[in-house]
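Down below is the structure, laid out as structure tokens.
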Amino acid sequence: MKGRVLIVAGSDSGGGAGIQADIKTVTALNGYAATAITALTAQDTQGIHGVSEVAASFVVQQIDAVLDDIGADCLKTGMLHNAEIVDAVADVYEAKGGGMPLVLDPVMAAKSGDPLLDAEARQALRRRLLVHATVLTPNVPEAELLTGMTIATRDDMTDAAAMLLTLGPKNVLLKGGHMPGDTVVDVFAHTHGVKEFESPRIQTRHTHGTGCTLASAIATGIAQDMELEAAIMRARAYVFEAIKSAPGFGAGHGPLNHAHTIGDS
Ligand SMILES: Nc1ncnc2c1ncn2[C@@H]1O[C@H](COP(=O)(O)OP(=O)(O)OP(=O)(O)O)[C@@H](O)[C@H]1O
Ligand SMILES: [Mg+2]
């Protein structure tokens, strides 16, 4: 085992996204996962049926407990639920993070379309956390909300990724899962230029938690001292195989097979 990842995100009772997907991913890639839970969702493959809040002070208490004892090599944030939690996470990162790499997945909606972050929290995220991100991993709707741009083409994705870079993150990986077409293109923008990562689109409804999984896989690679591009390539390959071998559970957007690195039975 190598690489400690502290995940700050929400719980998905269905086990396909959120904290559950994060822990499975980090573990499957031979890292160590610790967590600070921001909210509990009663969720399945079809949607979110309820949310139970966690106090911002308790989110901080969880982060403090992990950092003070176990430590972390990379921080990964997912659903931060409300502005108070965004501010609290930014405060504790500034006080204790000490430049620790941060994979910021700006989760704003579930795959079902259910909203996960209100406008005030979105603003707080933009203002407080983007500047600290080693890599920001929005999907297309999130990039539209953060930039105010409409993204309809690959060129639009490149423009939006470049625009997001001006908001402070060191790197941006704009994910193309929501775009149409037989090829899925993720646009990677960094200070030296832009690069595209492509893969064939798997025709399936089993894509619940692809974003959480990708971000946690990238965070694991960073925690294991991989170069960022290598971490992204391994993460994309891990997600691809996890979609391809999805177990087929649930009537909606089904979960992935996070365990494909472990066995084939
Ligand atoms: N059908 C698919 N076939 C192959 N790769 C896919 C497919 N859908 C998504 N991906 C890949 O999965 C990763 C996550 O992208 P996506 O745009 O789905 O994120 P997301 O919308 O944040 O996911 P989530 O809804 O789980 O938060 C990207 O690397 C993307 O290229
Ligand atoms: Mg997502």
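Residue numbering restarts at 1 in every chain; chains get A, B, ... in the order shown in the structure tokens, and ligands count up from 1 in that same order.
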
Per residue of stretch 197-260 of chain A within 12 Å of stretch 138-156 of chain A, record the nearest atom pair and its distance in Å to one decimal, counting only C-alpha atoms, with rows in chain order and ascending residue number, as JSON lines.
{"residue": "A:Phe197", "atom": "CA", "partner": "A:Arg154", "partner_atom": "CA", "distance": 11.8}
{"residue": "A:Glu198", "atom": "CA", "partner": "A:Arg154", "partner_atom": "CA", "distance": 11.6}
{"residue": "A:Gly209", "atom": "CA", "partner": "A:Asn139", "partner_atom": "CA", "distance": 12.0}
{"residue": "A:Thr210", "atom": "CA", "partner": "A:Asn139", "partner_atom": "CA", "distance": 10.4}
{"residue": "A:Gly211", "atom": "CA", "partner": "A:Asn139", "partner_atom": "CA", "distance": 7.7}
{"residue": "A:Cys212", "atom": "CA", "partner": "A:Pro138", "partner_atom": "CA", "distance": 10.5}
{"residue": "A:Leu214", "atom": "CA", "partner": "A:Pro138", "partner_atom": "CA", "distance": 11.0}
{"residue": "A:Ala215", "atom": "CA", "partner": "A:Pro138", "partner_atom": "CA", "distance": 9.7}

*Dump the neighbourhood of ligand 1 as an MDAnalysis selection string: all residues within 7 Å, distances computed on only C-alpha atoms and all ligand atoms.*
chainID A and resid 17 107 110:111 138:140 175:178 184:186 199:204 207:212 214 236 239:240 243

Name the residues in contact with stretch 84-97 of chain A at a cut-off of 7 Å, using only C-alpha atoms, excluding same-chain residues fewer than 3 positions from it; report them as a tab-separated table (two decimals) with C-alpha atoms, in the first residue's frame.
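Okay, around05.tsv is ready:
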chain	number	residue	atom	x	y	z
A	56	ALA	CA	-19.51	22.34	9.20
A	60	VAL	CA	-13.61	20.18	10.28
A	80	LEU	CA	-19.33	19.97	-0.17
A	81	HIS	CA	-23.07	20.50	0.29
A	100	MET	CA	-0.85	19.59	0.12
A	121	ALA	CA	-22.06	27.43	-2.17
A	124	ALA	CA	-17.94	30.16	-2.20
A	125	LEU	CA	-16.28	27.28	-4.05
A	128	ARG	CA	-12.30	30.16	-1.78
A	129	LEU	CA	-11.20	26.79	-3.15

*Within 12 Å of stretch 191-193 of chain A, counting only C-alpha atoms, which residues qualify if same-chain residues fewer than 4 places away don't, as a PyMOL selection string?*
chain A and resi 134-135+158-159+161-166+168-172+187

Export N, CA and C atoms of the chosen residues as an mmCIF file, in the first residue's frame?
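Contents of selection.cif, as written:
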data_model
loop_
_atom_site.group_PDB
_atom_site.id
_atom_site.type_symbol
_atom_site.label_atom_id
_atom_site.label_comp_id
_atom_site.auth_asym_id
_atom_site.auth_seq_id
_atom_site.Cartn_x
_atom_site.Cartn_y
_atom_site.Cartn_z
ATOM 1 N N THR A 134 -4.850 21.715 -7.154
ATOM 2 C CA THR A 134 -3.779 21.203 -8.018
ATOM 3 C C THR A 134 -4.408 20.840 -9.355
ATOM 4 N N VAL A 135 -5.569 20.195 -9.255
ATOM 5 C CA VAL A 135 -6.336 19.899 -10.471
ATOM 6 C C VAL A 135 -7.827 20.008 -10.173
ATOM 7 N N THR A 158 -12.347 23.519 -24.871
ATOM 8 C CA THR A 158 -10.985 24.062 -24.755
ATOM 9 C C THR A 158 -11.030 25.486 -24.206
ATOM 10 N N ASP A 159 -11.952 26.299 -24.728
ATOM 11 C CA ASP A 159 -12.079 27.682 -24.260
ATOM 12 C C ASP A 159 -12.464 27.718 -22.775
ATOM 13 N N ALA A 161 -12.014 25.391 -20.509
ATOM 14 C CA ALA A 161 -10.920 24.900 -19.667
ATOM 15 C C ALA A 161 -9.874 25.997 -19.468
ATOM 16 N N ALA A 162 -9.585 26.749 -20.540
ATOM 17 C CA ALA A 162 -8.616 27.853 -20.438
ATOM 18 C C ALA A 162 -9.144 28.945 -19.517
ATOM 19 N N MET A 163 -10.423 29.231 -19.628
ATOM 20 C CA MET A 163 -11.055 30.242 -18.770
ATOM 21 C C MET A 163 -11.003 29.806 -17.298
ATOM 22 N N LEU A 164 -11.282 28.512 -17.063
ATOM 23 C CA LEU A 164 -11.257 28.002 -15.680
ATOM 24 C C LEU A 164 -9.862 28.119 -15.075
ATOM 25 N N LEU A 165 -8.850 27.940 -15.929
ATOM 26 C CA LEU A 165 -7.465 28.049 -15.472
ATOM 27 C C LEU A 165 -7.176 29.457 -14.915
ATOM 28 N N THR A 166 -7.843 30.461 -15.483
ATOM 29 C CA THR A 166 -7.615 31.840 -15.005
ATOM 30 C C THR A 166 -8.248 32.074 -13.631
ATOM 31 N N GLY A 168 -7.673 30.210 -11.058
ATOM 32 C CA GLY A 168 -6.734 29.854 -10.001
ATOM 33 C C GLY A 168 -6.206 28.440 -9.928
ATOM 34 N N PRO A 169 -6.930 27.428 -10.438
ATOM 35 C CA PRO A 169 -6.364 26.077 -10.313
ATOM 36 C C PRO A 169 -5.107 25.934 -11.158
ATOM 37 N N LYS A 170 -4.189 25.043 -10.720
ATOM 38 C CA LYS A 170 -2.949 24.853 -11.490
ATOM 39 C C LYS A 170 -3.210 24.059 -12.758
ATOM 40 N N ASN A 171 -4.199 23.165 -12.712
ATOM 41 C CA ASN A 171 -4.549 22.327 -13.860
ATOM 42 C C ASN A 171 -6.059 22.144 -13.888
ATOM 43 N N VAL A 172 -6.598 21.987 -15.083
ATOM 44 C CA VAL A 172 -8.036 21.739 -15.234
ATOM 45 C C VAL A 172 -8.221 20.504 -16.115
ATOM 46 N N VAL A 187 -10.674 17.294 -21.745
ATOM 47 C CA VAL A 187 -9.702 18.329 -22.113
ATOM 48 C C VAL A 187 -8.891 18.715 -20.880
#

*Using DSSP on the backbone coordinates, identify the residues of stretch 115-196 of chain A assigned to helix (DSSP H, G or I); present them as number ranges by chain.*
A: 119-132, 140-147, 154-165

*If you run DSSP on the backbone, which residues of stretch 76-264 of chain A are strand (DSSP E), as a ChimeraX atom specification?*
/A:76-77,102-104,135-136,171-174,183-190,193-200

Mind dumping the selected residues with C-alpha atoms as a PDB file, in the first residue's frame?
ATOM      1  CA  LYS A  76      -9.729  15.110  -2.593  1.00  0.00           C
ATOM      2  CA  THR A  77     -12.937  17.098  -2.282  1.00  0.00           C
ATOM      3  CA  LEU A 102      -5.740  19.101  -3.807  1.00  0.00           C
ATOM      4  CA  VAL A 103      -7.942  17.342  -6.347  1.00  0.00           C
ATOM      5  CA  LEU A 104     -11.072  19.490  -6.463  1.00  0.00           C
ATOM      6  CA  VAL A 135      -6.336  19.899 -10.471  1.00  0.00           C
ATOM      7  CA  LEU A 136      -9.976  20.918 -10.962  1.00  0.00           C
ATOM      8  CA  ASN A 171      -4.549  22.327 -13.860  1.00  0.00           C
ATOM      9  CA  VAL A 172      -8.036  21.739 -15.234  1.00  0.00           C
ATOM     10  CA  LEU A 173      -9.421  18.440 -16.510  1.00  0.00           C
ATOM     11  CA  LEU A 174     -12.748  19.214 -18.181  1.00  0.00           C
ATOM     12  CA  THR A 183     -15.655   9.279 -28.548  1.00  0.00           C
ATOM     13  CA  VAL A 184     -15.339  10.667 -25.027  1.00  0.00           C
ATOM     14  CA  VAL A 185     -12.869  13.546 -24.860  1.00  0.00           C
ATOM     15  CA  ASP A 186     -11.521  15.010 -21.625  1.00  0.00           C
ATOM     16  CA  VAL A 187      -9.702  18.329 -22.113  1.00  0.00           C
ATOM     17  CA  PHE A 188      -6.659  18.899 -19.920  1.00  0.00           C
ATOM     18  CA  ALA A 189      -5.511  22.522 -19.577  1.00  0.00           C
ATOM     19  CA  HIS A 190      -2.363  23.570 -17.736  1.00  0.00           C
ATOM     20  CA  GLY A 193      -0.960  24.335 -22.997  1.00  0.00           C
ATOM     21  CA  VAL A 194      -3.872  22.054 -23.675  1.00  0.00           C
ATOM     22  CA  LYS A 195      -4.051  18.306 -24.266  1.00  0.00           C
ATOM     23  CA  GLU A 196      -6.949  16.003 -25.067  1.00  0.00           C
ATOM     24  CA  PHE A 197      -7.482  12.532 -23.673  1.00  0.00           C
ATOM     25  CA  GLU A 198      -9.773  10.379 -25.793  1.00  0.00           C
ATOM     26  CA  SER A 199     -11.454   7.029 -25.394  1.00  0.00           C
ATOM     27  CA  PRO A 200     -14.278   5.197 -27.134  1.00  0.00           C
TER      28      PRO A 200
END

_Test item: residues at most 8 Å from stretch 45-50 of chain A, only C-alpha atoms, excluding those fewer than 6 positions along its chain, as a ChimeraX atom specification_ = /A:14,16,110-114,208,250-255

N, CA and C atoms of the current selection, written as a PDB file, in the first residue's frame:
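Once everything was written out, this is again-v9.pdb:
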ATOM      1  N   GLY A  14     -26.251   4.240  -2.026  1.00  0.00           N
ATOM      2  CA  GLY A  14     -26.240   3.244  -3.097  1.00  0.00           C
ATOM      3  C   GLY A  14     -24.851   2.688  -3.375  1.00  0.00           C
ATOM      4  N   GLY A  16     -22.466   3.761  -5.185  1.00  0.00           N
ATOM      5  CA  GLY A  16     -21.890   3.925  -6.518  1.00  0.00           C
ATOM      6  C   GLY A  16     -21.076   5.186  -6.705  1.00  0.00           C
ATOM      7  N   ALA A 110     -26.074  15.340  -9.130  1.00  0.00           N
ATOM      8  CA  ALA A 110     -25.908  13.891  -9.268  1.00  0.00           C
ATOM      9  C   ALA A 110     -26.160  13.506 -10.716  1.00  0.00           C
ATOM     10  N   LYS A 111     -25.780  12.267 -11.066  1.00  0.00           N
ATOM     11  CA  LYS A 111     -25.987  11.804 -12.449  1.00  0.00           C
ATOM     12  C   LYS A 111     -27.469  11.879 -12.824  1.00  0.00           C
ATOM     13  N   SER A 112     -28.334  11.727 -11.838  1.00  0.00           N
ATOM     14  CA  SER A 112     -29.774  11.800 -12.079  1.00  0.00           C
ATOM     15  C   SER A 112     -30.231  13.225 -12.378  1.00  0.00           C
ATOM     16  N   GLY A 113     -29.343  14.214 -12.165  1.00  0.00           N
ATOM     17  CA  GLY A 113     -29.700  15.611 -12.384  1.00  0.00           C
ATOM     18  C   GLY A 113     -30.096  16.319 -11.094  1.00  0.00           C
ATOM     19  N   ASP A 114     -30.271  15.576 -10.007  1.00  0.00           N
ATOM     20  CA  ASP A 114     -30.639  16.209  -8.740  1.00  0.00           C
ATOM     21  C   ASP A 114     -29.521  17.164  -8.292  1.00  0.00           C
ATOM     22  N   HIS A 208     -22.911   5.678 -13.047  1.00  0.00           N
ATOM     23  CA  HIS A 208     -23.077   6.369 -11.763  1.00  0.00           C
ATOM     24  C   HIS A 208     -21.709   6.472 -11.078  1.00  0.00           C
ATOM     25  N   GLY A 250     -29.406  -2.119 -10.257  1.00  0.00           N
ATOM     26  CA  GLY A 250     -30.295  -0.956 -10.186  1.00  0.00           C
ATOM     27  C   GLY A 250     -31.007  -0.676 -11.489  1.00  0.00           C
ATOM     28  N   ALA A 251     -32.085   0.131 -11.376  1.00  0.00           N
ATOM     29  CA  ALA A 251     -32.924   0.404 -12.545  1.00  0.00           C
ATOM     30  C   ALA A 251     -32.553   1.712 -13.237  1.00  0.00           C
ATOM     31  N   GLY A 252     -31.619   2.467 -12.640  1.00  0.00           N
ATOM     32  CA  GLY A 252     -31.264   3.768 -13.225  1.00  0.00           C
ATOM     33  C   GLY A 252     -29.824   3.793 -13.709  1.00  0.00           C
ATOM     34  N   HIS A 253     -29.097   4.850 -13.316  1.00  0.00           N
ATOM     35  CA  HIS A 253     -27.675   4.944 -13.653  1.00  0.00           C
ATOM     36  C   HIS A 253     -26.923   4.020 -12.707  1.00  0.00           C
ATOM     37  N   GLY A 254     -26.573   2.846 -13.173  1.00  0.00           N
ATOM     38  CA  GLY A 254     -25.999   1.822 -12.313  1.00  0.00           C
ATOM     39  C   GLY A 254     -24.544   2.090 -11.946  1.00  0.00           C
ATOM     40  N   PRO A 255     -24.085   1.427 -10.855  1.00  0.00           N
ATOM     41  CA  PRO A 255     -22.712   1.626 -10.376  1.00  0.00           C
ATOM     42  C   PRO A 255     -21.676   0.921 -11.248  1.00  0.00           C
TER      43      PRO A 255
END

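Straight-line separation from atom CA of A:Ala21 to atom CA of A:Arg205: 16.9 Å.
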
*Quick one: everything within 8 Å of A:Asp118, counting only C-alpha atoms, minus sequence neighbours fewer than 2 positions away in the same chain. Send it as a PyMOL selection string.*
chain A and resi 81-82+108+115-116+120-122

*Compare A:Ala42, A:Leu75, A:Ala28, A:Ile262 by their minimum atom-to-atom distance to A:Gly10, counting only C-alpha atoms, and give me the closest one.*
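Ranking A:Ala42, A:Leu75, A:Ala28, A:Ile262 by distance to A:Gly10, first place goes to A:Ala42.
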